[in-house]
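A.B. asks: You'll find query_0.csv just under this line, and it carries CSV, C-alpha atoms.
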chain,number,residue,atom,x,y,z
A,28,MET,CA,-12.9,29.2,-3.0
A,29,SER,CA,-16.5,29.7,-2.0
A,30,PHE,CA,-18.2,27.8,0.9
A,31,ALA,CA,-21.7,28.9,-0.2
A,32,GLY,CA,-24.0,26.3,-1.6
A,33,PRO,CA,-24.2,22.6,-1.1
A,34,MET,CA,-21.3,20.5,0.1
A,35,PRO,CA,-19.2,19.5,-2.9
A,36,THR,CA,-18.8,15.8,-3.6
A,37,PRO,CA,-15.2,14.9,-2.8
A,38,PRO,CA,-13.4,13.6,-5.9
A,39,MET,CA,-12.5,10.5,-3.8
A,40,THR,CA,-16.0,9.3,-4.1
A,41,ARG,CA,-16.3,6.3,-6.3
A,42,LEU,CA,-19.7,4.7,-6.0
A,43,ALA,CA,-20.0,1.1,-6.9
A,44,PRO,CA,-21.7,0.8,-10.3
A,45,GLU,CA,-25.2,-0.3,-10.0
A,46,GLU,CA,-25.9,-3.7,-11.3
A,47,PRO,CA,-28.2,-3.9,-14.2
A,48,GLY,CA,-31.6,-4.7,-12.9
A,49,GLY,CA,-30.4,-4.6,-9.3
A,50,ASP,CA,-32.4,-2.7,-6.7
A,51,THR,CA,-29.6,-1.3,-4.6
A,52,TRP,CA,-28.9,2.2,-3.5
A,53,VAL,CA,-25.9,4.0,-2.1
A,54,LEU,CA,-25.7,5.5,1.4
A,55,ASN,CA,-22.9,7.8,2.6
A,56,PHE,CA,-22.0,7.2,6.2
A,57,GLY,CA,-19.6,9.7,7.8
A,58,PRO,CA,-17.0,11.1,7.8
A,59,GLN,CA,-18.5,13.0,10.7
A,60,HIS,CA,-20.8,10.6,12.6
A,61,PRO,CA,-21.0,9.9,16.4
A,62,ALA,CA,-20.7,6.2,15.8
A,63,THR,CA,-17.4,6.4,13.9
A,64,HIS,CA,-15.6,8.1,16.9
A,65,THR,CA,-13.3,10.0,14.6
A,66,THR,CA,-13.4,11.0,11.0
A,67,PHE,CA,-14.1,7.8,9.0
A,68,ARG,CA,-16.3,7.4,6.0
A,69,LEU,CA,-18.1,4.4,4.6
A,70,VAL,CA,-19.8,4.3,1.3
A,71,LEU,CA,-22.5,1.6,1.7
A,72,GLU,CA,-24.4,-0.1,-1.0
A,73,LEU,CA,-27.7,-1.2,0.3
A,74,ASP,CA,-30.2,-3.7,-0.8
A,75,GLY,CA,-33.2,-2.6,1.2
A,76,GLU,CA,-31.6,-2.4,4.6
A,77,ARG,CA,-29.0,-5.1,3.9
A,78,ILE,CA,-25.4,-3.9,3.2
A,79,VAL,CA,-24.1,-5.6,0.1
A,80,ALA,CA,-21.0,-3.6,-0.5
A,81,CYS,CA,-18.9,-1.3,1.7
A,82,THR,CA,-16.1,1.0,0.7
A,83,PRO,CA,-14.2,2.5,3.6
A,84,HIS,CA,-12.3,5.8,3.3
A,85,ILE,CA,-9.8,6.3,6.1
A,86,GLY,CA,-7.7,9.3,4.9
A,87,TYR,CA,-9.6,12.1,6.6
A,88,LEU,CA,-7.3,12.3,9.7
A,89,HIS,CA,-4.0,11.8,7.9
A,90,SER,CA,-1.5,14.4,9.3
A,91,GLY,CA,1.8,13.6,7.5
A,92,PHE,CA,3.6,12.8,10.7
A,93,GLU,CA,6.3,10.9,8.9
A,94,LYS,CA,7.0,13.9,6.6
A,95,LEU,CA,7.2,16.2,9.7
A,96,GLY,CA,9.7,13.7,11.1
A,97,GLU,CA,12.1,14.3,8.2
A,98,HIS,CA,12.4,17.9,9.3
A,99,LEU,CA,12.6,17.6,13.1
A,100,ASP,CA,15.4,16.3,15.3
A,101,TYR,CA,15.1,13.4,17.7
A,102,ASN,CA,14.1,15.5,20.7
A,103,GLN,CA,11.7,17.8,18.8
A,104,TYR,CA,9.8,14.9,17.3
A,105,VAL,CA,8.5,13.8,20.7
A,106,THR,CA,5.9,16.5,20.6
A,107,VAL,CA,4.4,14.8,17.5
A,108,THR,CA,4.2,11.5,19.3
A,109,ASP,CA,1.9,13.0,21.9
A,110,ARG,CA,-0.5,13.8,19.1
A,111,MET,CA,-0.3,10.3,17.5
A,112,ASN,CA,-1.8,8.8,20.6
A,113,TYR,CA,-4.1,11.2,22.5
A,114,ILE,CA,-5.3,8.4,24.8
A,115,SER,CA,-2.0,7.5,26.4
A,116,PRO,CA,0.6,10.0,25.0
A,117,MET,CA,3.2,9.1,27.6
A,118,ALA,CA,3.4,5.5,26.2
A,119,ASN,CA,4.2,7.0,22.7
A,120,ASN,CA,6.9,9.3,24.2
A,121,ILE,CA,8.6,6.3,25.8
A,122,ALA,CA,8.3,4.2,22.6
A,123,TRP,CA,9.8,6.9,20.4
A,124,HIS,CA,12.8,7.6,22.6
A,125,GLY,CA,13.2,3.9,23.4
A,126,ALA,CA,13.6,3.4,19.7
A,127,CYS,CA,16.0,6.3,19.3
A,128,GLU,CA,18.2,5.0,22.2
A,129,LYS,CA,18.3,1.6,20.6
A,130,LEU,CA,19.5,3.1,17.3
A,131,PHE,CA,22.2,5.1,19.1
A,132,GLY,CA,23.2,2.4,21.6
A,133,ILE,CA,22.4,4.6,24.6
A,134,GLU,CA,21.9,2.9,28.0
A,135,ILE,CA,19.6,4.9,30.2
A,136,THR,CA,20.1,5.1,34.0
A,137,PRO,CA,18.2,2.7,36.3
A,138,ARG,CA,16.2,5.5,37.8
A,139,CYS,CA,15.1,6.6,34.4
A,140,LYS,CA,14.1,3.0,33.6
A,141,VAL,CA,12.0,2.8,36.7
A,142,ILE,CA,10.3,6.1,36.1
A,143,ARG,CA,9.5,5.2,32.5
A,144,THR,CA,8.2,1.8,33.6
A,145,ILE,CA,5.8,3.4,36.1
A,146,ILE,CA,4.7,6.0,33.6
A,147,ALA,CA,4.2,3.4,30.9
A,148,GLU,CA,2.1,1.2,33.3
A,149,LEU,CA,-0.1,4.2,34.2
A,150,SER,CA,-0.5,5.0,30.5
A,151,ARG,CA,-1.6,1.4,29.9
A,152,ILE,CA,-4.2,1.7,32.7
A,153,GLN,CA,-5.4,5.0,31.3
A,154,ASP,CA,-5.7,3.6,27.9
A,155,HIS,CA,-7.6,0.5,29.0
A,156,LEU,CA,-10.0,2.7,31.0
A,157,LEU,CA,-11.0,4.6,27.9
A,158,CYS,CA,-11.1,1.5,25.7
A,159,ILE,CA,-13.4,-0.4,28.0
A,160,GLY,CA,-15.4,2.7,28.7
A,161,ALA,CA,-15.9,3.5,25.0
A,162,ALA,CA,-16.8,-0.1,24.3
A,163,ALA,CA,-19.4,0.0,27.0
A,164,LEU,CA,-20.7,3.3,25.7
A,165,ASP,CA,-21.3,1.9,22.2
A,166,LEU,CA,-23.4,-0.8,23.9
A,167,GLY,CA,-25.4,1.7,25.8
A,168,GLY,CA,-23.4,1.8,29.1
A,169,LEU,CA,-22.8,5.5,29.5
A,170,THR,CA,-22.0,5.2,33.3
A,171,ALA,CA,-18.8,3.1,32.7
A,172,PHE,CA,-17.5,5.7,30.2
A,173,ILE,CA,-18.0,8.6,32.7
A,174,TYR,CA,-16.4,6.6,35.5
A,175,GLY,CA,-13.5,5.7,33.3
A,176,PHE,CA,-12.9,9.3,32.6
A,177,ASN,CA,-13.0,10.0,36.3
A,178,GLU,CA,-10.1,7.6,36.9
A,179,ARG,CA,-8.2,9.0,33.9
A,180,GLU,CA,-8.4,12.4,35.5
A,181,GLY,CA,-6.4,11.0,38.5
A,182,ILE,CA,-3.7,9.7,36.2
A,183,ASN,CA,-3.6,12.9,34.2
A,184,ASP,CA,-3.1,14.8,37.5
A,185,LEU,CA,-0.1,12.6,38.3
A,186,PHE,CA,1.3,13.3,34.8
A,187,GLU,CA,0.7,17.0,35.2
A,188,GLU,CA,2.8,16.9,38.4
A,189,VAL,CA,5.8,15.2,36.8
A,190,CYS,CA,5.9,17.1,33.4
A,191,GLY,CA,3.5,20.0,33.6
A,192,ALA,CA,1.1,18.8,31.0
A,193,ARG,CA,-1.9,16.4,31.0
A,194,PHE,CA,-2.1,15.4,27.4
A,195,THR,CA,0.8,17.0,25.4
A,196,THR,CA,3.3,15.5,27.8
A,197,SER,CA,6.5,15.3,25.7
A,198,TYR,CA,8.1,13.9,28.9
A,199,THR,CA,11.0,11.8,27.5
A,200,ARG,CA,14.3,13.0,25.9
A,201,VAL,CA,17.0,11.0,24.2
A,202,GLY,CA,18.8,9.2,27.0
A,203,GLY,CA,16.4,10.4,29.7
A,204,LEU,CA,13.5,12.5,30.7
A,205,SER,CA,12.8,16.3,30.5
A,206,MET,CA,12.8,16.5,34.3
A,207,ASP,CA,12.9,14.4,37.4
A,208,ILE,CA,9.8,13.6,39.5
A,209,PRO,CA,9.4,16.3,42.2
A,210,PRO,CA,9.8,14.8,45.7
A,211,ASP,CA,6.3,15.9,46.8
A,212,ALA,CA,4.5,14.6,43.6
A,213,GLY,CA,1.6,12.2,43.8
A,214,LEU,CA,3.6,9.7,41.9
A,215,ALA,CA,6.3,9.8,44.7
A,216,ARG,CA,3.7,9.4,47.4
A,217,ALA,CA,2.1,6.5,45.6
A,218,ARG,CA,4.9,4.1,46.6
A,219,GLN,CA,3.2,3.8,50.0
A,220,GLY,CA,0.7,1.5,48.3
A,221,VAL,CA,-2.2,1.4,46.0
A,222,HIS,CA,-3.9,4.7,45.6
A,223,PRO,CA,-7.1,4.3,47.8
A,224,GLU,CA,-9.3,6.2,45.3
A,225,GLY,CA,-8.0,4.1,42.5
A,226,ALA,CA,-9.0,0.9,44.2
A,227,GLN,CA,-12.4,2.3,44.9
A,228,GLY,CA,-12.6,3.4,41.2
A,229,VAL,CA,-12.0,-0.2,40.1
A,230,ARG,CA,-14.8,-1.5,42.2
A,231,ARG,CA,-17.1,1.2,40.8
A,232,TYR,CA,-16.0,0.3,37.3
A,233,ARG,CA,-16.7,-3.4,37.8
A,234,SER,CA,-20.2,-2.6,39.1
A,235,THR,CA,-20.9,-0.7,35.9
A,236,VAL,CA,-19.4,-3.1,33.4
A,237,ASP,CA,-19.0,-6.6,34.9
A,238,ALA,CA,-22.3,-6.6,36.8
A,239,GLN,CA,-24.4,-5.4,33.8
A,240,PRO,CA,-25.6,-8.5,31.8
A,241,HIS,CA,-26.7,-6.4,28.8
A,242,LEU,CA,-23.1,-5.3,28.2
A,243,HIS,CA,-21.8,-8.9,27.9
B,11,MET,CA,13.3,-22.2,21.3
B,12,SER,CA,12.9,-22.8,17.7
B,13,ALA,CA,15.5,-22.9,15.0
B,14,ASP,CA,17.0,-19.8,13.4
B,15,PRO,CA,14.8,-18.7,10.5
B,16,VAL,CA,17.7,-17.2,8.6
B,17,ARG,CA,19.6,-20.5,8.6
B,18,ILE,CA,16.5,-22.4,7.4
B,19,LEU,CA,16.0,-19.8,4.6
B,20,VAL,CA,19.6,-20.1,3.5
B,21,GLU,CA,19.4,-23.9,3.5
B,22,ARG,CA,16.2,-24.0,1.4
B,23,PHE,CA,17.3,-21.3,-1.1
B,24,GLY,CA,20.9,-22.0,-1.6
B,25,ASP,CA,21.1,-20.0,-4.9
B,26,VAL,CA,19.8,-16.8,-3.3
B,27,ASP,CA,22.1,-14.2,-1.6
B,28,PHE,CA,20.0,-13.0,1.3
B,29,ALA,CA,22.7,-10.8,2.7
B,30,PRO,CA,21.4,-11.0,6.3
B,31,THR,CA,22.3,-7.9,8.3
B,32,PRO,CA,21.4,-6.8,11.8
B,33,LEU,CA,18.6,-4.3,11.8
B,34,VAL,CA,20.5,-2.1,14.2
B,35,HIS,CA,24.3,-1.9,14.5
B,36,ASN,CA,25.5,0.7,17.0
B,37,ARG,CA,28.5,1.1,19.3
B,38,ARG,CA,27.1,-1.5,21.6
B,39,GLY,CA,27.2,-4.1,18.9
B,40,PRO,CA,24.7,-5.7,16.5
B,41,SER,CA,21.1,-6.3,17.5
B,42,ASP,CA,19.6,-9.8,17.3
B,43,GLN,CA,17.0,-8.5,14.8
B,44,ILE,CA,17.9,-9.7,11.3
B,45,CYS,CA,16.9,-8.2,8.0
B,46,VAL,CA,17.3,-10.2,4.8
B,47,ARG,CA,17.4,-9.0,1.2
B,48,VAL,CA,15.0,-10.6,-1.3
B,49,GLU,CA,14.9,-9.9,-5.1
B,50,PRO,CA,11.4,-9.1,-6.5
B,51,ASP,CA,11.4,-12.1,-8.8
B,52,ARG,CA,11.9,-14.5,-5.8
B,53,LEU,CA,9.8,-12.6,-3.3
B,54,LEU,CA,6.6,-14.6,-3.5
B,55,GLU,CA,8.3,-17.9,-3.4
B,56,VAL,CA,10.4,-16.9,-0.4
B,57,MET,CA,7.5,-15.4,1.5
B,58,GLN,CA,5.2,-18.4,0.8
B,59,PHE,CA,7.9,-20.7,2.2
B,60,LEU,CA,8.4,-18.5,5.3
B,61,ARG,CA,4.7,-18.6,6.0
B,62,ASP,CA,4.1,-22.3,5.4
B,63,ASP,CA,7.3,-24.1,6.6
B,64,PRO,CA,6.6,-25.5,10.1
B,65,ARG,CA,10.0,-24.4,11.4
B,66,THR,CA,9.5,-20.7,10.4
B,67,ARG,CA,5.7,-20.4,10.3
B,68,PHE,CA,5.5,-16.6,9.9
B,69,ASP,CA,1.8,-16.5,10.1
B,70,GLN,CA,1.5,-12.8,10.7
B,71,LEU,CA,2.7,-9.9,8.5
B,72,ALA,CA,3.1,-7.5,11.5
B,73,ASP,CA,4.0,-4.5,9.2
B,74,LEU,CA,4.7,-3.6,5.7
B,75,LEU,CA,6.3,-0.2,4.9
B,76,GLY,CA,8.2,1.8,2.3
B,77,VAL,CA,11.5,3.5,2.5
B,78,ASP,CA,13.0,6.1,0.1
B,79,TYR,CA,16.8,5.9,0.1
B,80,LEU,CA,17.4,9.1,-1.9
B,81,TYR,CA,20.4,11.0,-0.5
B,82,TYR,CA,21.1,8.0,1.7
B,83,PRO,CA,24.9,7.3,2.0
B,84,GLN,CA,26.1,4.3,-0.1
B,85,ALA,CA,22.6,3.3,-1.1
B,86,ARG,CA,22.4,1.4,-4.4
B,87,ASP,CA,18.7,1.3,-4.8
B,88,ARG,CA,16.1,4.1,-4.6
B,89,TYR,CA,13.2,2.4,-2.8
B,90,ALA,CA,12.6,-0.5,-0.5
B,91,VAL,CA,9.6,-2.3,0.8
B,92,VAL,CA,10.2,-3.7,4.2
B,93,TYR,CA,8.3,-6.7,5.5
B,94,ASN,CA,8.1,-7.3,9.3
B,95,LEU,CA,7.2,-10.9,9.8
B,96,LEU,CA,6.1,-12.4,13.1
B,97,SER,CA,5.5,-16.0,14.0
B,98,THR,CA,2.8,-16.3,16.7
B,99,VAL,CA,3.7,-20.0,16.9
B,100,HIS,CA,7.4,-19.7,17.6
B,101,GLY,CA,7.5,-16.1,18.7
B,102,HIS,CA,10.3,-15.1,16.4
B,103,ARG,CA,10.6,-12.2,14.0
B,104,LEU,CA,12.3,-11.6,10.7
B,105,TRP,CA,12.6,-8.5,8.5
B,106,ALA,CA,12.8,-8.7,4.7
B,107,ARG,CA,13.6,-5.9,2.3
B,108,CYS,CA,12.7,-5.9,-1.4
B,109,PHE,CA,14.2,-3.1,-3.5
B,110,ALA,CA,12.8,-1.2,-6.4
B,111,ASN,CA,14.0,1.6,-8.7
B,112,ASP,CA,12.8,4.4,-10.9
B,113,PRO,CA,11.3,4.9,-13.5
B,114,ASP,CA,8.8,2.2,-12.7
B,115,PRO,CA,9.2,1.0,-9.1
B,116,GLU,CA,7.3,-2.2,-8.7
B,117,VAL,CA,7.4,-5.3,-6.4
B,118,PRO,CA,5.0,-8.3,-6.3
B,119,SER,CA,2.0,-8.0,-4.0
B,120,VAL,CA,2.0,-10.4,-1.0
B,121,CYS,CA,-1.8,-10.1,-0.7
B,122,SER,CA,-2.2,-13.7,-1.8
B,123,ILE,CA,0.0,-14.8,1.1
B,124,TRP,CA,-1.2,-12.5,3.9
B,125,LYS,CA,-4.6,-10.9,3.2
B,126,GLY,CA,-3.7,-8.1,5.7
B,127,ALA,CA,-1.1,-6.8,3.2
B,128,GLU,CA,-3.9,-5.1,1.2
B,129,TRP,CA,-4.1,-1.8,3.0
B,130,PRO,CA,-0.4,-1.3,3.9
B,131,GLU,CA,0.5,-1.9,0.2
B,132,ARG,CA,-2.1,0.7,-0.8
B,133,GLU,CA,-0.5,3.0,1.7
B,134,VAL,CA,3.0,2.4,0.3
B,135,TYR,CA,1.7,3.0,-3.2
B,136,ASP,CA,0.0,6.2,-2.1
B,137,MET,CA,3.0,7.6,-0.3
B,138,PHE,CA,6.0,6.3,-2.4
B,139,GLY,CA,4.4,5.4,-5.8
B,140,ILE,CA,5.7,1.9,-5.6
B,141,ARG,CA,3.3,-0.4,-7.5
B,142,PHE,CA,2.4,-3.8,-6.3
B,143,ARG,CA,2.0,-6.3,-9.1
B,144,GLY,CA,-1.1,-8.5,-8.5
B,145,HIS,CA,-2.8,-6.3,-5.9
B,146,PRO,CA,-6.5,-6.8,-6.0
B,147,ASP,CA,-7.4,-3.1,-5.5
B,148,LEU,CA,-4.4,-0.8,-5.8
B,149,ARG,CA,-6.0,2.7,-5.1
B,150,ARG,CA,-4.7,5.5,-3.0
B,151,ILE,CA,-5.8,5.0,0.6
B,152,LEU,CA,-5.0,8.2,2.5
B,153,THR,CA,-4.7,11.0,0.0
B,154,TRP,CA,-7.4,11.6,-2.6
B,155,GLU,CA,-7.4,10.1,-6.1
B,156,GLY,CA,-6.4,13.3,-7.9
B,157,PHE,CA,-3.5,14.1,-5.5
B,158,GLY,CA,-1.0,13.4,-8.2
B,159,ALA,CA,2.2,13.2,-6.1
B,160,TYR,CA,3.9,10.7,-3.7
B,161,PRO,CA,4.4,12.7,-0.5
B,162,LEU,CA,6.8,10.5,1.4
B,163,ARG,CA,9.4,10.6,-1.3
B,164,LYS,CA,12.5,12.4,0.0
B,165,ASP,CA,12.4,14.9,-2.9
B,166,TYR,CA,8.8,15.9,-2.1
B,167,PRO,CA,8.8,19.3,-0.2
B,168,LEU,CA,7.5,19.5,3.4
B,169,ARG,CA,4.9,22.1,2.5
B,170,GLY,CA,3.7,20.3,-0.7
B,171,ARG,CA,3.5,21.5,-4.3
B,172,GLY,CA,0.3,23.4,-4.0
B,173,GLU,CA,-2.0,20.4,-4.1
B,174,ARG,CA,-4.4,21.8,-1.6
B,175,GLU,CA,-4.5,25.2,-3.3
B,176,ASN,CA,-5.2,23.6,-6.7
B,177,TYR,CA,-8.0,21.5,-5.2
B,178,ARG,CA,-10.8,21.6,-7.7
B,179,VAL,CA,-14.1,22.5,-6.2
B,180,VAL,CA,-16.9,20.3,-7.6
B,181,THR,CA,-20.4,21.6,-7.2
B,182,ARG,CA,-23.5,19.5,-7.3
B,183,GLU,CA,-24.3,20.9,-10.8
B,184,ASP,CA,-21.2,19.5,-12.5
B,185,ALA,CA,-20.7,16.4,-10.3
Kindly return the structure encoded in the file as structure tokens.
C.D. replies:
Amino acid sequence: MSFAGPMPTPPMTRLAPEEPGGDTWVLNFGPQHPATHTTFRLVLELDGERIVACTPHIGYLHSGFEKLGEHLDYNQYVTVTDRMNYISPMANNIAWHGACEKLFGIEITPRCKVIRTIIAELSRIQDHLLCIGAAALDLGGLTAFIYGFNEREGINDLFEEVCGARFTTSYTRVGGLSMDIPPDAGLARARQGVHPEGAQGVRRYRSTVDAQPHLH
Amino acid sequence: MSADPVRILVERFGDVDFAPTPLVHNRRGPSDQICVRVEPDRLLEVMQFLRDDPRTRFDQLADLLGVDYLYYPQARDRYAVVYNLLSTVHGHRLWARCFANDPDPEVPSVCSIWKGAEWPEREVYDMFGIRFRGHPDLRRILTWEGFGAYPLRKDYPLRGRGERENYRVVTREDA
């Protein structure tokens, strides 16, 4: 296979047939484009600058996770769930093993329930920070995006303390967790109240999203 | 709390055996999530009723997926299409399974009932080779058109059958 020469046209391409007498043209958008966020391709049929037809191609990021699951056991597969959701991987770990435990009829301990709930809530906050930040970014609000990542760092630090990893956490196991929270971890200290930096971060975030009329 | 959708279904379609079973039955007992069986020839009728009847009102098709029951203990049919229905009005859920078999696995498309079924049905077609009768645009969605296999079938090997290696390189000259 040679990589020299022009980029080959993927066989997936099926351009809309031009209407007889029509004055439309076809524009390929993506799969690598900053505005698509990940690999996502659109084949656009344009009449001047007006889009008259659009064919999306979404298969570029397909990883065959289901097929991998046929060959891994219930504890091994948690590593794949990290990669399915690289915004809040802990939430996917918990969902995966929650489903397994439901299948097997396993009741987890109250302590495990509490830890999972705290972790899931932190994941939710982490996820929303990126969601709102990316939405603001697309509207031109770069500051909110950067501040959002700043707060996410704090949550990633807490995750790192409990499981040793920031993104590829793989924290849950069937019936429990890979390890308990260390007594001196930030998560254990956080029970004294709201994290002061977190509250400040929310104020900063509001000032960069809520207070900016052009983002509304 | 609204009425039980399975009971309403059995009342309306007295001639159909829905065989309602709990989705999960483990040592702690059955779950309250119920899955019914629907034959392909009655599928559209039943689904239309489930969406439109004010007591069931399943206005959202939350998920549509395929299952391959090859090597599955005591399985009578090879494939199933599973419909996960959600009522945003009543807050209840119902699962429905429609079975299909080789050599020509086919079930009716529910695109006319829930427009959102279009892409999941394409995915099930792509991964399992189950055709959806009446689908407006049944093309592969994740793999490419010339892939030529159905990768989520249980007899498809983990490392593929050389589809990537045999990938034809098209240059601009012969495109």
A.B. asks: Do a neighbour search on region 66-76 of chain B at 10 Å with all atoms listed in the file, toss out local chain neighbours closer than 5 positions, and write the hits as an MDAnalysis selection string.
C.D. replies: chainID B and resid 12:16 18:19 57:61 89:109 120 123:131 133:135 137:140 162:163
A.B. asks: Could you work out which residues of chain B fall inside 10 Å of chain A? Count all atoms listed in the file, and format the result as number ranges by chain.
C.D. replies: B: 33-41, 137, 150-157, 161-164, 166-169, 175, 177-185
A.B. asks: Using all atoms listed in the file, what residues lie at most 7 Å away from (-21.7, -0.4, 30.3) (file coordinates), given as a ChimeraX atom specification?
C.D. replies: /A:163-164,166-171,235-236,239,242
A.B. asks: Quick one: pull the distance between CA of Leu156 (chain A) and CA of Asp184 (chain A), Å, one decimal.
C.D. replies: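 Computing the Euclidean distance for CA of Leu156 (chain A) and CA of Asp184 (chain A) yields 15.4 Å.
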A.B. asks: What does the structure give for the distance between CA of Leu69 (chain A) and CA of Val53 (chain A), in Å to one decimal?
C.D. replies: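 Separating CA of Leu69 (chain A) from CA of Val53 (chain A) is a distance of 10.3 Å.
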A.B. asks: Which protein, DNA or RNA residues have an atom at most 9 Å from (8.6, -4.6, -12.6), counting only C-alpha atoms? List them as a PDB file with C-alpha atoms, keeping the file's coordinate frame.
C.D. replies:
ATOM      1  CA  PRO B  50      11.400  -9.100  -6.500  1.00  0.00           C
ATOM      2  CA  ASP B  51      11.400 -12.100  -8.800  1.00  0.00           C
ATOM      3  CA  ALA B 110      12.800  -1.200  -6.400  1.00  0.00           C
ATOM      4  CA  ASP B 114       8.800   2.200 -12.700  1.00  0.00           C
ATOM      5  CA  PRO B 115       9.200   1.000  -9.100  1.00  0.00           C
ATOM      6  CA  GLU B 116       7.300  -2.200  -8.700  1.00  0.00           C
ATOM      7  CA  VAL B 117       7.400  -5.300  -6.400  1.00  0.00           C
ATOM      8  CA  PRO B 118       5.000  -8.300  -6.300  1.00  0.00           C
ATOM      9  CA  ARG B 141       3.300  -0.400  -7.500  1.00  0.00           C
ATOM     10  CA  PHE B 142       2.400  -3.800  -6.300  1.00  0.00           C
ATOM     11  CA  ARG B 143       2.000  -6.300  -9.100  1.00  0.00           C
TER      12      ARG B 143
END
A.B. asks: As an exercise, work out the distance from CA of Thr136 (chain A) to CA of Gly203 (chain A) in Å and give it to one decimal place.
C.D. replies: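 Value for the CA of Thr136 (chain A)-CA of Gly203 (chain A) distance: 7.8 Å.
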A.B. asks: For Arg179 (chain A), which residue out of A:Ile121, A:Cys158, A:Ile208, A:Ala62 is the nearest one, using all atoms listed in the file?
C.D. replies: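 With all atoms listed in the file as the atom set, the closest residue is A:Cys158.
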A.B. asks: So, with all atoms listed in the file as the atoms that count, which of A:Ile146, A:Val141, A:Ile152, A:Met117 lies closest to Phe194 (chain A)?
C.D. replies: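 Of the candidates, the smallest distance to Phe194 (chain A) is held by A:Met117.
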A.B. asks: Write out as a ChimeraX atom specification each polymer residue whose atoms come within 12 Å of Ala192 (chain A), counting all atoms listed in the file; drop sequence neighbours fewer than 3 positions from it.
C.D. replies: /A:106,109,116-117,182-189,195-198,205
A.B. asks: Could you pull the residues within 10 Å of Tyr81 (chain B), counting all atoms listed in the file, minus those fewer than 3 positions along the same chain, as a list in words?
C.D. replies: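 Listed by chain and then number, they are Asp78, Gln84, Ala85, Arg88, Lys164 and Asp165 of chain B.
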A.B. asks: So which residues touch Ala118 (chain A) within 9 Å, counting only C-alpha atoms, skipping near sequence neighbours fewer than 6 positions away, as number ranges by chain?
C.D. replies: A: 109, 112, 143, 146-151
A.B. asks: Please, what is the axis-aligned box for every listed atom of region 76-81 of chain B with 4 Å on each side, as centre and edge lengths in Å to one decimal, as AutoDock Vina command-line options?
C.D. replies:
--center_x 14.3 --center_y 6.4 --center_z 0.3 --size_x 20.2 --size_y 17.2 --size_z 12.4
